[in-house]
file run_0.cif (mmCIF, N, CA and C atoms)
data_entry
#
loop_
_atom_site.label_atom_id
_atom_site.label_comp_id
_atom_site.auth_asym_id
_atom_site.auth_seq_id
_atom_site.Cartn_x
_atom_site.Cartn_y
_atom_site.Cartn_z
N MET A 1 -132.91 -270.27 52.66
CA MET A 1 -131.67 -270.28 51.90
C MET A 1 -130.68 -269.26 52.46
N GLU A 2 -131.18 -268.22 53.09
CA GLU A 2 -130.30 -267.18 53.58
C GLU A 2 -129.31 -267.69 54.61
N LYS A 3 -129.75 -268.65 55.44
CA LYS A 3 -128.85 -269.20 56.46
C LYS A 3 -127.63 -269.85 55.84
N SER A 4 -127.81 -270.47 54.68
CA SER A 4 -126.72 -271.20 54.06
C SER A 4 -125.89 -270.34 53.10
N ASP A 5 -126.28 -269.10 52.88
CA ASP A 5 -125.54 -268.25 51.95
C ASP A 5 -124.04 -268.14 52.26
N PRO A 6 -123.63 -267.90 53.50
CA PRO A 6 -122.19 -267.77 53.77
C PRO A 6 -121.40 -269.04 53.42
N ILE A 7 -121.95 -270.20 53.75
CA ILE A 7 -121.22 -271.43 53.45
C ILE A 7 -121.16 -271.66 51.94
N ILE A 8 -122.24 -271.34 51.26
CA ILE A 8 -122.25 -271.51 49.80
C ILE A 8 -121.20 -270.59 49.16
N ARG A 9 -121.13 -269.35 49.62
CA ARG A 9 -120.13 -268.42 49.09
C ARG A 9 -118.71 -268.93 49.34
N GLU A 10 -118.45 -269.43 50.53
CA GLU A 10 -117.12 -269.95 50.84
C GLU A 10 -116.76 -271.15 49.98
N ILE A 11 -117.71 -272.05 49.78
CA ILE A 11 -117.46 -273.23 48.96
C ILE A 11 -117.19 -272.84 47.52
N ILE A 12 -117.96 -271.91 47.00
CA ILE A 12 -117.75 -271.46 45.61
C ILE A 12 -116.38 -270.81 45.48
N GLU A 13 -116.01 -269.99 46.44
CA GLU A 13 -114.70 -269.34 46.42
C GLU A 13 -113.58 -270.37 46.44
N LEU A 14 -113.71 -271.37 47.30
CA LEU A 14 -112.71 -272.43 47.38
C LEU A 14 -112.61 -273.19 46.07
N GLU A 15 -113.74 -273.57 45.51
CA GLU A 15 -113.74 -274.32 44.26
C GLU A 15 -113.14 -273.51 43.12
N ARG A 16 -113.43 -272.23 43.07
CA ARG A 16 -112.84 -271.37 42.03
C ARG A 16 -111.32 -271.31 42.16
N ARG A 17 -110.87 -271.23 43.40
CA ARG A 17 -109.43 -271.17 43.64
C ARG A 17 -108.71 -272.40 43.10
N TYR A 18 -109.35 -273.55 43.27
CA TYR A 18 -108.71 -274.81 42.88
C TYR A 18 -109.10 -275.30 41.49
N PHE A 19 -109.96 -274.56 40.80
CA PHE A 19 -110.50 -275.04 39.53
C PHE A 19 -109.42 -275.36 38.51
N PHE A 20 -108.42 -274.51 38.41
CA PHE A 20 -107.38 -274.70 37.41
C PHE A 20 -106.12 -275.35 37.95
N GLU A 21 -106.16 -275.75 39.20
CA GLU A 21 -104.99 -276.38 39.80
C GLU A 21 -104.81 -277.82 39.30
N LYS A 22 -103.65 -278.34 39.54
CA LYS A 22 -103.37 -279.73 39.16
C LYS A 22 -104.10 -280.69 40.09
N ARG A 23 -104.21 -281.93 39.68
CA ARG A 23 -104.96 -282.92 40.44
C ARG A 23 -104.32 -283.26 41.79
N ASN A 24 -103.05 -283.04 41.93
CA ASN A 24 -102.40 -283.40 43.19
C ASN A 24 -102.82 -282.51 44.36
N VAL A 25 -103.53 -281.45 44.10
CA VAL A 25 -104.03 -280.61 45.19
C VAL A 25 -105.46 -280.99 45.57
N LYS A 26 -105.96 -282.05 44.97
CA LYS A 26 -107.34 -282.48 45.23
C LYS A 26 -107.57 -282.76 46.72
N THR A 27 -106.64 -283.43 47.35
CA THR A 27 -106.82 -283.75 48.77
C THR A 27 -106.81 -282.50 49.64
N GLU A 28 -105.97 -281.53 49.29
CA GLU A 28 -105.93 -280.28 50.04
C GLU A 28 -107.26 -279.54 49.87
N ARG A 29 -107.77 -279.53 48.67
CA ARG A 29 -109.06 -278.88 48.41
C ARG A 29 -110.17 -279.57 49.20
N GLN A 30 -110.16 -280.89 49.21
CA GLN A 30 -111.17 -281.64 49.96
C GLN A 30 -111.07 -281.36 51.46
N ARG A 31 -109.85 -281.28 51.96
CA ARG A 31 -109.65 -281.00 53.39
C ARG A 31 -110.21 -279.62 53.74
N LYS A 32 -109.91 -278.63 52.90
CA LYS A 32 -110.40 -277.28 53.17
C LYS A 32 -111.91 -277.21 53.07
N LEU A 33 -112.47 -277.95 52.12
CA LEU A 33 -113.91 -278.00 51.98
C LEU A 33 -114.54 -278.61 53.24
N GLN A 34 -113.94 -279.66 53.74
CA GLN A 34 -114.43 -280.30 54.96
C GLN A 34 -114.35 -279.33 56.15
N GLU A 35 -113.28 -278.55 56.24
CA GLU A 35 -113.14 -277.58 57.32
C GLU A 35 -114.25 -276.53 57.26
N ILE A 36 -114.55 -276.05 56.05
CA ILE A 36 -115.61 -275.06 55.89
C ILE A 36 -116.94 -275.63 56.36
N ILE A 37 -117.24 -276.82 55.91
CA ILE A 37 -118.51 -277.46 56.27
C ILE A 37 -118.60 -277.68 57.78
N GLU A 38 -117.53 -278.17 58.38
CA GLU A 38 -117.53 -278.41 59.83
C GLU A 38 -117.70 -277.12 60.61
N ARG A 39 -116.99 -276.08 60.19
CA ARG A 39 -117.07 -274.80 60.88
C ARG A 39 -118.50 -274.26 60.84
N HIS A 40 -119.12 -274.30 59.69
CA HIS A 40 -120.47 -273.77 59.57
C HIS A 40 -121.49 -274.67 60.27
N THR A 41 -121.26 -275.95 60.27
CA THR A 41 -122.16 -276.86 60.96
C THR A 41 -122.11 -276.60 62.46
N LYS A 42 -120.92 -276.41 63.00
CA LYS A 42 -120.77 -276.11 64.43
C LYS A 42 -121.42 -274.78 64.77
N MET A 43 -121.26 -273.79 63.90
CA MET A 43 -121.87 -272.48 64.12
C MET A 43 -123.39 -272.61 64.13
N GLU A 44 -123.92 -273.42 63.26
CA GLU A 44 -125.36 -273.63 63.17
C GLU A 44 -125.89 -274.26 64.45
N VAL A 45 -125.18 -275.22 64.98
CA VAL A 45 -125.61 -275.91 66.21
C VAL A 45 -125.58 -274.92 67.37
N ILE A 46 -124.58 -274.09 67.43
CA ILE A 46 -124.45 -273.12 68.52
C ILE A 46 -125.55 -272.07 68.44
N THR A 47 -125.88 -271.61 67.22
CA THR A 47 -126.86 -270.54 67.07
C THR A 47 -128.29 -271.04 66.91
N ASP A 48 -128.50 -272.32 66.95
CA ASP A 48 -129.84 -272.89 66.78
C ASP A 48 -130.65 -272.65 68.05
N ASP A 49 -131.76 -271.92 67.91
CA ASP A 49 -132.57 -271.54 69.07
C ASP A 49 -133.78 -272.45 69.28
N THR A 50 -133.91 -273.51 68.54
CA THR A 50 -135.09 -274.35 68.66
C THR A 50 -135.07 -275.25 69.86
#
call {"tool": "encode", "arguments": {"input": "run_0.cif", "output": "structure tokens"}}
result
Amino acid sequence: MEKSDPIIREIIELERRYFFEKRNVKTERQRKLQEIIERHTKMEVITDDT
């Protein structure tokens, strides 16, 4: 679980930021969420020593 801690923290922070926002920012929130996931996925592939 420790490997995924940074991404989980970022996602929670993002969701908290948008929690009280209006629905029209939903796509922006989704885009940022996708960016976080992609960034961490790429980092994982680069740092994977297996």
call {"tool": "atom_distance", "arguments": {"input": "run_0.cif", "atom1": "CA of Asp5 in chain A", "atom2": "CA of Glu28 in chain A"}}
result
23.1 Å
call {"tool": "atom_distance", "arguments": {"input": "run_0.cif", "atom1": "CA of Lys26 in chain A", "atom2": "atom C of His40 in chain A"}}
result
22.1 Å
call {"tool": "resolve_selection", "arguments": {"input": "run_0.cif", "expression": "the PyMOL selection byres (((chain A and resi 11 and name CA) around 12) and name CA)", "output": "MDAnalysis selection string"}}
result
chainID A and resid 4:10 12:19 29:37 40
call {"tool": "atom_distance", "arguments": {"input": "run_0.cif", "atom1": "CA of Lys42 in chain A", "atom2": "atom C of Thr27 in chain A"}}
result
21.3 Å
call {"tool": "axis_aligned_box", "arguments": {"input": "run_0.cif", "around": "range 33-45 of chain A", "padding_each_side": "6 Å", "output": "AutoDock Vina command-line options"}}
result
--center_x -119.2 --center_y -276.4 --center_z 59.7 --size_x 25.4 --size_y 19.8 --size_z 27.4
